[in-house]
Amino acid sequence: MRTFIRRVLDRLFTSIAGLSILLMAAALVLVLGPIIVKGASAVFFCGTVEFRRMQVHEFNSGDTEAVKAETQRCQEARKPAWELIELFSRGIDTDRLEGQVKDAIREYDKQMRNRVEAGSLGAQEARNLRAKARRLRDFMLDALETTDKATALRRLKDVLDSPDRAALQATAGEELFRLAEQYKATVETVDLTRRDDYAAALAETRTLLTRLLGPAPGSAPKAALAQFRYGATRWDQALKLRDELLWREKYVPDQPGKPLKKTRVRRADEFANTKLAALFPMIDQRLEKMLNPRSTFYWRFFTDDSTPGHFFGGVGPEAIGTLMLTAIAMLLAVPVGVMTAAYLIECMRESLALRVLRTCINTLAGVPSIVFGLFGLAFFVLWLLPKLSLSNGPSALAGAMTLGMLVLPIIIRASEEALRAVPPSYREASLALGAGGLRTFVKVSLPAAMPGILTGIILAMSRAAGETAPILFTAAVAVGPWPGSPLKPCRALSYASYDMAVSDKLAAQVPHNQAGMVLTLVVLVLLLNIVAIVIRSRLTRKLRGT
Amino acid sequence: MTRSKQVLILTALVGMMVAVAGAADPKTVKMEGSTTVGPIADAYTEVFKRMYPNVTITVNKTGSGNGAAAIVDSRCDIANMSRFMKIQEFKDAVAKGVMPVAHAIAMDGVCVIVHPSNPVSVLKTEQARNIYTGKITNWKELGGADRKIVVVSRDTSSGTYETFEKLVMAKQKMAAGVQYVASNPEAHATVKSTVGAVAYIGLGFVDKDVKALKIDGVMPSRKTIAKGEYPVSRPLFMFTNGYPKLGSIVHALVTFHLTPKGQDIIDAKGFVPVTDY
């Protein structure tokens, strides 16, 4: 009976252990899976011509000539779409037309004044001409303002058949008649009474089309920022925008006292019976020609700089910054940590003081990282480095020192365990051969403990590379130059991921860049660990003498 | 590897570090502070990089409070803040010989948002207050569907919270059941995915996935905020130590919003320019 119970317990233990390993693997897949899949999409994706154009202009990479030719081809395909918008907006977007009319007459005024100054025109005559031009302008503005077709046509006729037309020939005022002809053509096709409805819908369509294809040829981007200079750079983005362009989401009342119901309406229906209706099937069918999607392997994601907010570009400076911070932190923490451990093991006898010290170190390991960050700010950034007149303000050095402090307990404890595991016979043999304490430690104990110490270093390195809070106030910046001097603040992967998550709405538009950044951090830590593990295994082999 | 080689490499490394440190460019401008103003600073940096190629600008986003602390400690040249300096911060600054000067660079509206399927579209300030104090707990009481209100607020250390507390809450305490989130994107994401939720975020974060409510009959928009009609709006600041030297980069940065280019950027970033070109 007893053996049976023992066997059952044994099985139970084995299966629970197996289950926990499975759970861990599942958790790993659940956590890392999405990061890897989404992060990979920052590097492997279907890039459009806009992506290649952006790379050439913003990052000087790619074949300039080929991209130019490709852009030309795509612009050719887009032309009908922009023409439709332009044609339709002439009748709708009267604000812009008004501006053009006023500009033309203002320009005409200026020309007349110049002529008077040059003496080729009498002052009185010029005044008469300007008054006539202004009268025509007012007719034209009336025509633009009214929503009544007959009035508009009458006013346009007044302008076009005006006896003063000849006087404005070959001056800037001629523009007025061109605009009038244009507007007459639109008035005859567009239902003016629905102009205000159309205006709002048109503005939305234009915005979406600009996001899809980039600013219309000849028009300036919304602001002097890279994000507005290009259309959709990725095909998946373009498809989403196309869907948004073809369908409008609307919430309509369903029943009283119930939530509104989501419905989708065709945007084309809002422009039914107008020329713009043709835009939507065109975008639907010919988007591929307009954007020329091609599968892209963007390896430069890991080395490229980015535009502020990480809208375009890669994580190069962040990766270098993280490496620099980690390297300096380890350079500072490893010697101190190993020496502390050596002192605890070799020089201190088991006593109350040692136990207190050990407790302190363990407590230090449990202190939240933000506390280290605030300590680093108060001690390194505000006191120590300015005192040494090295830097005032955050710097990579201050951040690395803070990170070093953070990982110190990990290194001390791992080294202590490793040193304690060195068999006393090693030490005794060395001492018996006449070697001193220091030589014994350096030549015998330390090499024997090295694999264990390296394990501690690996753990510490991963921790240092991934921490955000300690560098938040001491070293990191969201926007800045490539990392160079350790006495300047630098960018880092961990802080940049945090920054993307909390500050700008841009991040929601480029989730692939956010995931790509996290993936880079994971891969970087993995690579560092692999290097350390290879070194460790070589050392172990050497120690074993095989 | 021989010992002499090791020594050589170490010396070279140290030498390089010193050399790089010595070659530090004196033309560096550090900006620190609010996560709300941060994106404007980001965009400024992008434009200034082209206009002044040999100037380095760094931006850090650690919150308005740290921005104030940084200008007091002279850790930065410009403190971005989504609220005005507090009396204590002024006192600390003056005690350290720092004279903070405020530059209002833009206006921001704090919009009360709900899920787009929510039939409620108008709130009075008092009703908004009652939602956050816990007096109103169901959308039914406001003419909506029979659904519990999930109340979402920004964390108490954010400038957005302070604005909302001052202008809507009138110093009354928020209810215990309020869910606090740490950032604008998080508040947006919570409302987008929760049908009964209500939250407040900056104007720039309102998009088609959430619905901004009219407050006291006024829809938050660029126009209503610029005219001062929308009740819950606030200026955004950049603070400098004294008025910056004319012609300096710092001066160009804190007055950039007065140029058409700067105004376009503020507009494009979803804030309301204080100028109208």
# chains A, B, ... in the order shown; residues from 1 in each chain; ligands from 1

$ interface_residues --of "chain A" --to "chain B" --cutoff "6 Å" --atoms "only C-alpha atoms" --output "JSON, numbers by chain"
{"A": [223, 257, 258, 259, 260, 308, 393, 477, 478, 479, 480, 485, 502, 503, 504]}

$ write_last_selection --atoms "N, CA and C atoms" --output "PDB file, in the first residue's frame"
ATOM      1  N   ALA A 223       1.835  70.676 -42.511  1.00  0.00           N
ATOM      2  CA  ALA A 223       2.844  71.363 -41.710  1.00  0.00           C
ATOM      3  C   ALA A 223       4.183  70.819 -42.151  1.00  0.00           C
ATOM      4  N   GLY A 257     -33.495  54.804 -25.799  1.00  0.00           N
ATOM      5  CA  GLY A 257     -33.012  54.174 -24.577  1.00  0.00           C
ATOM      6  C   GLY A 257     -32.028  53.048 -24.825  1.00  0.00           C
ATOM      7  N   LYS A 258     -31.635  52.856 -26.093  1.00  0.00           N
ATOM      8  CA  LYS A 258     -30.648  51.814 -26.408  1.00  0.00           C
ATOM      9  C   LYS A 258     -29.412  52.498 -27.009  1.00  0.00           C
ATOM     10  N   PRO A 259     -28.258  51.811 -26.927  1.00  0.00           N
ATOM     11  CA  PRO A 259     -27.080  52.421 -27.547  1.00  0.00           C
ATOM     12  C   PRO A 259     -27.274  52.615 -29.051  1.00  0.00           C
ATOM     13  N   LEU A 260     -26.524  53.554 -29.615  1.00  0.00           N
ATOM     14  CA  LEU A 260     -26.598  53.800 -31.049  1.00  0.00           C
ATOM     15  C   LEU A 260     -26.015  52.605 -31.803  1.00  0.00           C
ATOM     16  N   PRO A 308      11.296  62.548 -35.233  1.00  0.00           N
ATOM     17  CA  PRO A 308      10.792  62.627 -33.854  1.00  0.00           C
ATOM     18  C   PRO A 308       9.404  61.996 -33.722  1.00  0.00           C
ATOM     19  N   GLY A 393      23.117  68.324 -15.655  1.00  0.00           N
ATOM     20  CA  GLY A 393      21.990  67.738 -16.356  1.00  0.00           C
ATOM     21  C   GLY A 393      22.222  66.268 -16.608  1.00  0.00           C
ATOM     22  N   VAL A 477      16.718  60.619 -23.195  1.00  0.00           N
ATOM     23  CA  VAL A 477      15.922  61.655 -23.851  1.00  0.00           C
ATOM     24  C   VAL A 477      15.107  60.982 -24.948  1.00  0.00           C
ATOM     25  N   ALA A 478      13.970  61.589 -25.259  1.00  0.00           N
ATOM     26  CA  ALA A 478      13.125  61.022 -26.302  1.00  0.00           C
ATOM     27  C   ALA A 478      13.623  61.443 -27.671  1.00  0.00           C
ATOM     28  N   VAL A 479      14.079  62.688 -27.755  1.00  0.00           N
ATOM     29  CA  VAL A 479      14.581  63.211 -29.012  1.00  0.00           C
ATOM     30  C   VAL A 479      15.966  63.765 -28.751  1.00  0.00           C
ATOM     31  N   GLY A 480      16.900  63.414 -29.599  1.00  0.00           N
ATOM     32  CA  GLY A 480      18.253  63.916 -29.416  1.00  0.00           C
ATOM     33  C   GLY A 480      19.147  63.374 -30.505  1.00  0.00           C
ATOM     34  N   SER A 485      29.180  61.157 -26.789  1.00  0.00           N
ATOM     35  CA  SER A 485      29.874  61.293 -25.526  1.00  0.00           C
ATOM     36  C   SER A 485      29.042  60.739 -24.380  1.00  0.00           C
ATOM     37  N   VAL A 502       3.142  56.565 -24.052  1.00  0.00           N
ATOM     38  CA  VAL A 502       2.405  57.545 -23.251  1.00  0.00           C
ATOM     39  C   VAL A 502       2.214  58.914 -23.887  1.00  0.00           C
ATOM     40  N   SER A 503       3.107  59.332 -24.807  1.00  0.00           N
ATOM     41  CA  SER A 503       3.010  60.765 -25.071  1.00  0.00           C
ATOM     42  C   SER A 503       2.214  61.134 -26.308  1.00  0.00           C
ATOM     43  N   ASP A 504       2.553  60.598 -27.454  1.00  0.00           N
ATOM     44  CA  ASP A 504       2.000  61.154 -28.676  1.00  0.00           C
ATOM     45  C   ASP A 504       0.896  60.272 -29.228  1.00  0.00           C
TER      46      ASP A 504
END

$ closest_residue --among "A:Val531, A:Leu357, A:Leu84, A:Ala515" --to "Ile36 of chain A" --atoms "only C-alpha atoms"
A:Ala515

$ select_by_dssp --residues "segment 9-154 of chain B" --states "helix (DSSP H, G or I)" --output "ChimeraX atom specification"
/B:9-22,38-51,64-72,87-95,125-133,139-142

$ write_last_selection --atoms "C-alpha atoms" --output "PDB file, in the first residue's frame"
ATOM      1  CA  ILE B   9      43.438  48.939 -25.391  1.00  0.00           C
ATOM      2  CA  LEU B  10      42.302  50.275 -22.020  1.00  0.00           C
ATOM      3  CA  THR B  11      44.305  53.458 -22.492  1.00  0.00           C
ATOM      4  CA  ALA B  12      42.876  53.878 -25.964  1.00  0.00           C
ATOM      5  CA  LEU B  13      39.329  53.466 -24.652  1.00  0.00           C
ATOM      6  CA  VAL B  14      39.812  56.008 -21.882  1.00  0.00           C
ATOM      7  CA  GLY B  15      41.501  58.367 -24.328  1.00  0.00           C
ATOM      8  CA  MET B  16      38.575  58.086 -26.723  1.00  0.00           C
ATOM      9  CA  MET B  17      36.077  58.840 -23.975  1.00  0.00           C
ATOM     10  CA  VAL B  18      37.990  61.934 -22.930  1.00  0.00           C
ATOM     11  CA  ALA B  19      38.371  63.065 -26.544  1.00  0.00           C
ATOM     12  CA  VAL B  20      34.664  62.692 -27.263  1.00  0.00           C
ATOM     13  CA  ALA B  21      33.806  64.508 -24.063  1.00  0.00           C
ATOM     14  CA  GLY B  22      36.182  67.330 -24.930  1.00  0.00           C
ATOM     15  CA  GLY B  38       6.365  66.961 -25.603  1.00  0.00           C
ATOM     16  CA  PRO B  39       4.970  66.210 -29.085  1.00  0.00           C
ATOM     17  CA  ILE B  40       5.086  69.922 -29.956  1.00  0.00           C
ATOM     18  CA  ALA B  41       8.700  70.031 -28.814  1.00  0.00           C
ATOM     19  CA  ASP B  42       9.377  66.904 -30.905  1.00  0.00           C
ATOM     20  CA  ALA B  43       7.951  68.559 -33.984  1.00  0.00           C
ATOM     21  CA  TYR B  44       9.877  71.778 -33.337  1.00  0.00           C
ATOM     22  CA  THR B  45      13.053  69.713 -33.138  1.00  0.00           C
ATOM     23  CA  GLU B  46      12.336  68.169 -36.514  1.00  0.00           C
ATOM     24  CA  VAL B  47      11.969  71.605 -38.129  1.00  0.00           C
ATOM     25  CA  PHE B  48      14.901  73.196 -36.268  1.00  0.00           C
ATOM     26  CA  LYS B  49      17.172  70.361 -37.370  1.00  0.00           C
ATOM     27  CA  ARG B  50      16.754  71.641 -40.915  1.00  0.00           C
ATOM     28  CA  MET B  51      16.954  75.337 -40.046  1.00  0.00           C
ATOM     29  CA  SER B  64       5.179  68.969 -15.890  1.00  0.00           C
ATOM     30  CA  GLY B  65       6.299  68.563 -12.280  1.00  0.00           C
ATOM     31  CA  ASN B  66       9.730  67.333 -13.273  1.00  0.00           C
ATOM     32  CA  GLY B  67       9.916  70.074 -15.892  1.00  0.00           C
ATOM     33  CA  ALA B  68       9.487  72.685 -13.179  1.00  0.00           C
ATOM     34  CA  ALA B  69      12.039  70.921 -10.975  1.00  0.00           C
ATOM     35  CA  ALA B  70      14.468  70.761 -13.892  1.00  0.00           C
ATOM     36  CA  ILE B  71      14.331  74.486 -14.629  1.00  0.00           C
ATOM     37  CA  VAL B  72      14.743  75.194 -10.913  1.00  0.00           C
ATOM     38  CA  ILE B  87       3.794  79.034  -5.799  1.00  0.00           C
ATOM     39  CA  GLN B  88       6.196  76.629  -4.119  1.00  0.00           C
ATOM     40  CA  GLU B  89       8.016  76.010  -7.406  1.00  0.00           C
ATOM     41  CA  PHE B  90       8.390  79.761  -7.907  1.00  0.00           C
ATOM     42  CA  LYS B  91       9.759  80.136  -4.399  1.00  0.00           C
ATOM     43  CA  ASP B  92      12.270  77.324  -4.969  1.00  0.00           C
ATOM     44  CA  ALA B  93      13.313  78.877  -8.258  1.00  0.00           C
ATOM     45  CA  VAL B  94      13.843  82.352  -6.833  1.00  0.00           C
ATOM     46  CA  ALA B  95      15.756  80.899  -3.883  1.00  0.00           C
ATOM     47  CA  THR B 125     -20.431  71.096 -16.255  1.00  0.00           C
ATOM     48  CA  GLU B 126     -22.446  70.195 -13.201  1.00  0.00           C
ATOM     49  CA  GLN B 127     -23.465  66.844 -14.679  1.00  0.00           C
ATOM     50  CA  ALA B 128     -19.846  66.063 -15.542  1.00  0.00           C
ATOM     51  CA  ARG B 129     -18.915  66.902 -11.966  1.00  0.00           C
ATOM     52  CA  ASN B 130     -21.671  64.669 -10.633  1.00  0.00           C
ATOM     53  CA  ILE B 131     -20.430  61.769 -12.752  1.00  0.00           C
ATOM     54  CA  TYR B 132     -16.937  62.117 -11.308  1.00  0.00           C
ATOM     55  CA  THR B 133     -18.107  62.608  -7.720  1.00  0.00           C
ATOM     56  CA  TRP B 139     -26.251  56.752 -18.295  1.00  0.00           C
ATOM     57  CA  LYS B 140     -30.051  56.457 -17.936  1.00  0.00           C
ATOM     58  CA  GLU B 141     -29.991  59.504 -15.663  1.00  0.00           C
ATOM     59  CA  LEU B 142     -28.511  61.533 -18.518  1.00  0.00           C
TER      60      LEU B 142
END

$ closest_residue --among "B:Met85, B:Gly134, B:Ala226, B:Val274" --to "Lys148 of chain B" --atoms "only C-alpha atoms"
B:Gly134
